[in-house]
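Student: Before we start, here is the structure in question, set down as structure tokens.
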Amino acid sequence: MKICNVCKIPKCEGDYYKDKNSPDKVGYTCKECSNKRNLKYRNDNPESTKSSTKAYRIKNLHRLRKQNIEYVNKRLLEDPAYKTRFRMKNLFNANLSRGGYTKKSRLTNIIGCSYEELTEHLNNNPYGFKMGEQGIDLDHIKPIKDSNSLDSFESLWHYTNLQLLPSHYNRAIKRDKPFDKTHFKIWLEKTL
Ligand SMILES: [Zn+2]
């Protein structure tokens, strides 16, 4: 047991942060008091904390950026729902700004389900298309072009209006037209 120099309460070693300058390598102030002191310092000196964080970021920009890219690539490989989320966010934001809109609600609220559920919904098709596969596009059954307000734009991003299509069919044939299942089936049979 060790007595904290701030609250004067005897506490066990695990309640203190390590301090290599202290004879027993255990700090003088308990974790609870240390945390309070640090929080108070940050509240009293918002500019100093902000600028030191900023300086750290600038100094480590390259390393942090590389770390972030590595992290994103790893998650994209390992986690299908993360891949869906990544694709959806990019597509949605690009389309949003193209339409001149500003988002007002969370993307998952607009989609109407989680990214896990969306991935499952998209991958559950009779053709074996998988989200994130090469040559497979995310398609809006009722085209985005039809939206004339933010509300209708958002409603077209509901999961029930999303499906997977081969890129060629989506980009060169369907384009901005509504999806026609019969037409697609005939095209697919001819193509395969
Ligand atoms: Zn204490």
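Chain labels follow the order of the structure tokens: the first chain is A, the next B, and so on; residue numbering restarts at 1 in every chain, and ligands are counted from 1 in their shown order.
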As a quick test: using only C-alpha atoms and all ligand atoms, which residues lie no more than 7 Å away from ligand 1? Give them as a list in words.
Tutor: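 The neighbouring residues of ligand 1 are, in order, Cys4, Asn5, Val6, Cys7, Lys8, Ile9, Thr29, Cys30, Lys31, Glu32 and Cys33 of chain A.
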Student: Save the residues we just selected, N, CA and C atoms, as a PDB file, in the first residue's frame?
Tutor:
ATOM      1  N   CYS A   4      -1.371   8.205  -1.310  1.00  0.00           N
ATOM      2  CA  CYS A   4      -1.377   9.188  -2.394  1.00  0.00           C
ATOM      3  C   CYS A   4      -1.062  10.565  -1.815  1.00  0.00           C
ATOM      4  N   ASN A   5      -0.176  11.306  -2.496  1.00  0.00           N
ATOM      5  CA  ASN A   5       0.234  12.616  -1.958  1.00  0.00           C
ATOM      6  C   ASN A   5      -0.828  13.692  -2.158  1.00  0.00           C
ATOM      7  N   VAL A   6      -1.918  13.349  -2.861  1.00  0.00           N
ATOM      8  CA  VAL A   6      -2.981  14.335  -3.037  1.00  0.00           C
ATOM      9  C   VAL A   6      -4.182  14.019  -2.137  1.00  0.00           C
ATOM     10  N   CYS A   7      -4.782  12.825  -2.330  1.00  0.00           N
ATOM     11  CA  CYS A   7      -5.973  12.516  -1.539  1.00  0.00           C
ATOM     12  C   CYS A   7      -5.646  11.898  -0.184  1.00  0.00           C
ATOM     13  N   LYS A   8      -4.371  11.509   0.029  1.00  0.00           N
ATOM     14  CA  LYS A   8      -3.881  10.931   1.291  1.00  0.00           C
ATOM     15  C   LYS A   8      -4.534   9.598   1.639  1.00  0.00           C
ATOM     16  N   ILE A   9      -5.096   8.934   0.633  1.00  0.00           N
ATOM     17  CA  ILE A   9      -5.724   7.636   0.879  1.00  0.00           C
ATOM     18  C   ILE A   9      -4.722   6.531   0.544  1.00  0.00           C
ATOM     19  N   THR A  29       1.180  10.033  -7.011  1.00  0.00           N
ATOM     20  CA  THR A  29      -0.232  10.422  -7.029  1.00  0.00           C
ATOM     21  C   THR A  29      -1.057   9.289  -7.624  1.00  0.00           C
ATOM     22  N   CYS A  30      -2.169   8.953  -6.985  1.00  0.00           N
ATOM     23  CA  CYS A  30      -2.986   7.841  -7.490  1.00  0.00           C
ATOM     24  C   CYS A  30      -3.586   8.187  -8.851  1.00  0.00           C
ATOM     25  N   LYS A  31      -4.008   7.128  -9.577  1.00  0.00           N
ATOM     26  CA  LYS A  31      -4.552   7.329 -10.929  1.00  0.00           C
ATOM     27  C   LYS A  31      -5.730   8.294 -10.920  1.00  0.00           C
ATOM     28  N   GLU A  32      -6.615   8.117  -9.935  1.00  0.00           N
ATOM     29  CA  GLU A  32      -7.809   8.958  -9.863  1.00  0.00           C
ATOM     30  C   GLU A  32      -7.425  10.432  -9.749  1.00  0.00           C
ATOM     31  N   CYS A  33      -6.481  10.718  -8.842  1.00  0.00           N
ATOM     32  CA  CYS A  33      -6.056  12.109  -8.667  1.00  0.00           C
ATOM     33  C   CYS A  33      -5.287  12.613  -9.887  1.00  0.00           C
TER      34      CYS A  33
END
Student: List every residue of chain A that DSSP, applied to the backbone of this structure, assigns to alpha helix (DSSP H), and report them as an MDAnalysis selection string.
Tutor: chainID A and resid 31:44 46:59 61:78 80:98 107:111 115:123 150:155 167:168 181:191
Student: Output C-alpha atoms for every residue in that selection, as a CSV table (one decimal), in the first residue's frame.
Tutor:
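Once everything was written out, this is result22.csv:
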chain,number,residue,atom,x,y,z
A,31,LYS,CA,-4.6,7.3,-10.9
A,32,GLU,CA,-7.8,9.0,-9.9
A,33,CYS,CA,-6.1,12.1,-8.7
A,34,SER,CA,-3.7,12.1,-11.7
A,35,ASN,CA,-6.6,11.9,-14.1
A,36,LYS,CA,-8.4,14.7,-12.3
A,37,ARG,CA,-5.3,16.9,-12.4
A,38,ASN,CA,-4.7,16.2,-16.1
A,39,LEU,CA,-8.3,17.0,-16.9
A,40,LYS,CA,-8.2,20.2,-14.9
A,41,TYR,CA,-5.0,21.2,-16.7
A,42,ARG,CA,-6.6,20.5,-20.1
A,43,ASN,CA,-9.7,22.5,-19.2
A,44,ASP,CA,-7.6,25.4,-17.8
A,46,PRO,CA,-7.4,24.6,-23.9
A,47,GLU,CA,-5.0,26.4,-26.3
A,48,SER,CA,-1.9,24.7,-25.0
A,49,THR,CA,-3.4,21.2,-25.3
A,50,LYS,CA,-4.9,22.0,-28.7
A,51,SER,CA,-1.6,23.3,-30.1
A,52,SER,CA,0.5,20.5,-28.6
A,53,THR,CA,-1.9,17.9,-30.2
A,54,LYS,CA,-1.7,19.8,-33.5
A,55,ALA,CA,2.1,20.0,-33.3
A,56,TYR,CA,2.3,16.3,-32.6
A,57,ARG,CA,0.0,15.6,-35.6
A,58,ILE,CA,2.1,17.8,-37.9
A,59,LYS,CA,5.4,16.2,-36.7
A,61,LEU,CA,1.8,13.4,-40.2
A,62,HIS,CA,3.5,11.0,-42.6
A,63,ARG,CA,3.7,8.2,-40.0
A,64,LEU,CA,0.1,8.7,-38.9
A,65,ARG,CA,-1.1,8.8,-42.5
A,66,LYS,CA,0.8,5.6,-43.3
A,67,GLN,CA,-0.6,3.9,-40.2
A,68,ASN,CA,-4.1,4.9,-41.1
A,69,ILE,CA,-3.8,3.6,-44.7
A,70,GLU,CA,-2.4,0.3,-43.4
A,71,TYR,CA,-5.3,0.1,-40.9
A,72,VAL,CA,-7.9,0.8,-43.6
A,73,ASN,CA,-6.5,-1.7,-46.0
A,74,LYS,CA,-6.4,-4.4,-43.4
A,75,ARG,CA,-10.0,-3.8,-42.4
A,76,LEU,CA,-11.1,-3.7,-46.0
A,77,LEU,CA,-9.6,-7.2,-46.5
A,78,GLU,CA,-10.8,-8.8,-43.3
A,80,PRO,CA,-16.9,-7.3,-45.4
A,81,ALA,CA,-19.2,-4.9,-43.5
A,82,TYR,CA,-16.3,-2.4,-43.2
A,83,LYS,CA,-15.8,-2.6,-47.0
A,84,THR,CA,-19.6,-1.9,-47.5
A,85,ARG,CA,-19.4,1.0,-45.2
A,86,PHE,CA,-16.3,2.4,-47.0
A,87,ARG,CA,-17.9,2.1,-50.4
A,88,MET,CA,-21.3,3.5,-49.3
A,89,LYS,CA,-19.7,6.5,-47.6
A,90,ASN,CA,-17.6,7.4,-50.7
A,91,LEU,CA,-20.5,6.9,-53.1
A,92,PHE,CA,-23.0,8.7,-51.0
A,93,ASN,CA,-20.8,11.7,-50.3
A,94,ALA,CA,-19.9,12.0,-54.0
A,95,ASN,CA,-23.5,11.8,-55.1
A,96,LEU,CA,-24.6,14.2,-52.3
A,97,SER,CA,-22.2,16.9,-53.3
A,98,ARG,CA,-23.0,16.4,-57.0
A,107,LEU,CA,-26.0,7.4,-43.2
A,108,THR,CA,-27.1,4.2,-41.3
A,109,ASN,CA,-30.4,6.0,-40.6
A,110,ILE,CA,-30.8,6.8,-44.3
A,111,ILE,CA,-30.0,3.2,-45.3
A,115,TYR,CA,-23.7,-2.2,-42.6
A,116,GLU,CA,-23.6,-5.9,-41.6
A,117,GLU,CA,-27.3,-6.2,-42.6
A,118,LEU,CA,-26.8,-4.2,-45.8
A,119,THR,CA,-23.9,-6.5,-46.8
A,120,GLU,CA,-26.0,-9.6,-46.1
A,121,HIS,CA,-28.9,-8.0,-48.1
A,122,LEU,CA,-26.8,-7.2,-51.1
A,123,ASN,CA,-24.9,-10.5,-51.1
A,150,LEU,CA,-32.8,15.9,-50.3
A,151,ASP,CA,-35.7,13.8,-49.0
A,152,SER,CA,-36.1,11.9,-52.2
A,153,PHE,CA,-32.4,11.7,-52.6
A,154,GLU,CA,-32.0,10.1,-49.2
A,155,SER,CA,-35.0,7.8,-49.7
A,167,SER,CA,-20.4,-2.9,-63.8
A,168,HIS,CA,-20.8,-3.2,-67.6
A,181,LYS,CA,-35.3,-7.6,-64.1
A,182,THR,CA,-36.4,-9.4,-67.3
A,183,HIS,CA,-34.1,-7.3,-69.5
A,184,PHE,CA,-31.3,-8.0,-67.1
A,185,LYS,CA,-31.9,-11.8,-67.0
A,186,ILE,CA,-31.9,-12.0,-70.8
A,187,TRP,CA,-28.6,-9.9,-71.0
A,188,LEU,CA,-27.0,-12.1,-68.3
A,189,GLU,CA,-27.9,-15.3,-70.1
A,190,LYS,CA,-26.5,-14.0,-73.4
A,191,THR,CA,-23.3,-12.7,-71.6
Student: List as a PyMOL selection string the protein and nucleic acid residues near Cys12 (chain A), meaning an atom at most 9 Å away when only C-alpha atoms are counted, but skip any in the same chain fewer than 4 places from it.
Tutor: chain A and resi 1-3+16
Student: What's around Leu138 (chain A) at 8 Å? Count only C-alpha atoms, leave out sequence neighbours fewer than 6 positions away in its own chain, and write the answer as a PyMOL selection string.
Tutor: chain A and resi 131+162-165
Student: Considering only C-alpha atoms, can you say which of A:Lys25, A:Ser147, A:Pro166, A:Leu156 comes closest to Lys130 (chain A)?
Tutor: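 Checking each candidate against Lys130 (chain A), we get A:Pro166 as the closest.
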Student: Given only C-alpha atoms as the basis, pick out the residue of A:Ser114, A:Thr102, A:Asn125, A:Asn60 nearest to Ser149 (chain A).
Tutor: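 The shortest atom-to-atom distance to Ser149 (chain A) comes from A:Thr102.
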Student: From the list A:Gly14, A:Gly112, A:Gly128, A:Pro178, which residue is nearest Ile141 (chain A) when using only C-alpha atoms?
Tutor: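 Of all the options, A:Pro178 lies closest to Ile141 (chain A).
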Student: By how many Å are CA of Tyr159 (chain A) and CA of Ser105 (chain A) apart?
Tutor: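 According to the coordinates, CA of Tyr159 (chain A) and CA of Ser105 (chain A) are separated by 15.3 Å.
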Student: As an exercise, work out the distance from CA of Asn161 (chain A) to CA of Cys113 (chain A) in Å and give it to one decimal place.
Tutor: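 CA of Cys113 (chain A) lies 12.4 Å from CA of Asn161 (chain A).
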Student: Could you check the closest approach to Lys145 (chain A) for each of A:Thr160, A:Tyr127, A:Lys177, A:Gly132 and tell me which residue wins, using only C-alpha atoms?
Tutor: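 Nearest to Lys145 (chain A): A:Lys177.
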Student: Among region 117-158 of chain A, which residues does DSSP mark as strand (DSSP E) when it is run on the backbone? Keep the chain and numbering as in the structure and answer as a PyMOL selection string.
Tutor: chain A and resi 136-140
Student: Dump N, CA and C atoms for the selected residues as a short mmCIF file (atom, residue, chain, number, x, y, z; two decimals), in the first residue's frame?
Tutor:
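After the write, out_34.cif holds the following:
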data_model
loop_
_atom_site.label_atom_id
_atom_site.label_comp_id
_atom_site.auth_asym_id
_atom_site.auth_seq_id
_atom_site.Cartn_x
_atom_site.Cartn_y
_atom_site.Cartn_z
N ILE A 136 -18.19 -5.58 -59.95
CA ILE A 136 -19.56 -5.53 -59.42
C ILE A 136 -19.82 -4.13 -58.86
N ASP A 137 -20.92 -3.52 -59.30
CA ASP A 137 -21.28 -2.17 -58.86
C ASP A 137 -22.43 -2.21 -57.86
N LEU A 138 -22.48 -1.17 -57.06
CA LEU A 138 -23.64 -0.96 -56.21
C LEU A 138 -24.60 -0.11 -57.04
N ASP A 139 -25.82 -0.62 -57.22
CA ASP A 139 -26.77 0.06 -58.10
C ASP A 139 -28.01 0.50 -57.33
N HIS A 140 -28.56 1.65 -57.74
CA HIS A 140 -29.84 2.09 -57.20
C HIS A 140 -30.93 1.62 -58.15
#
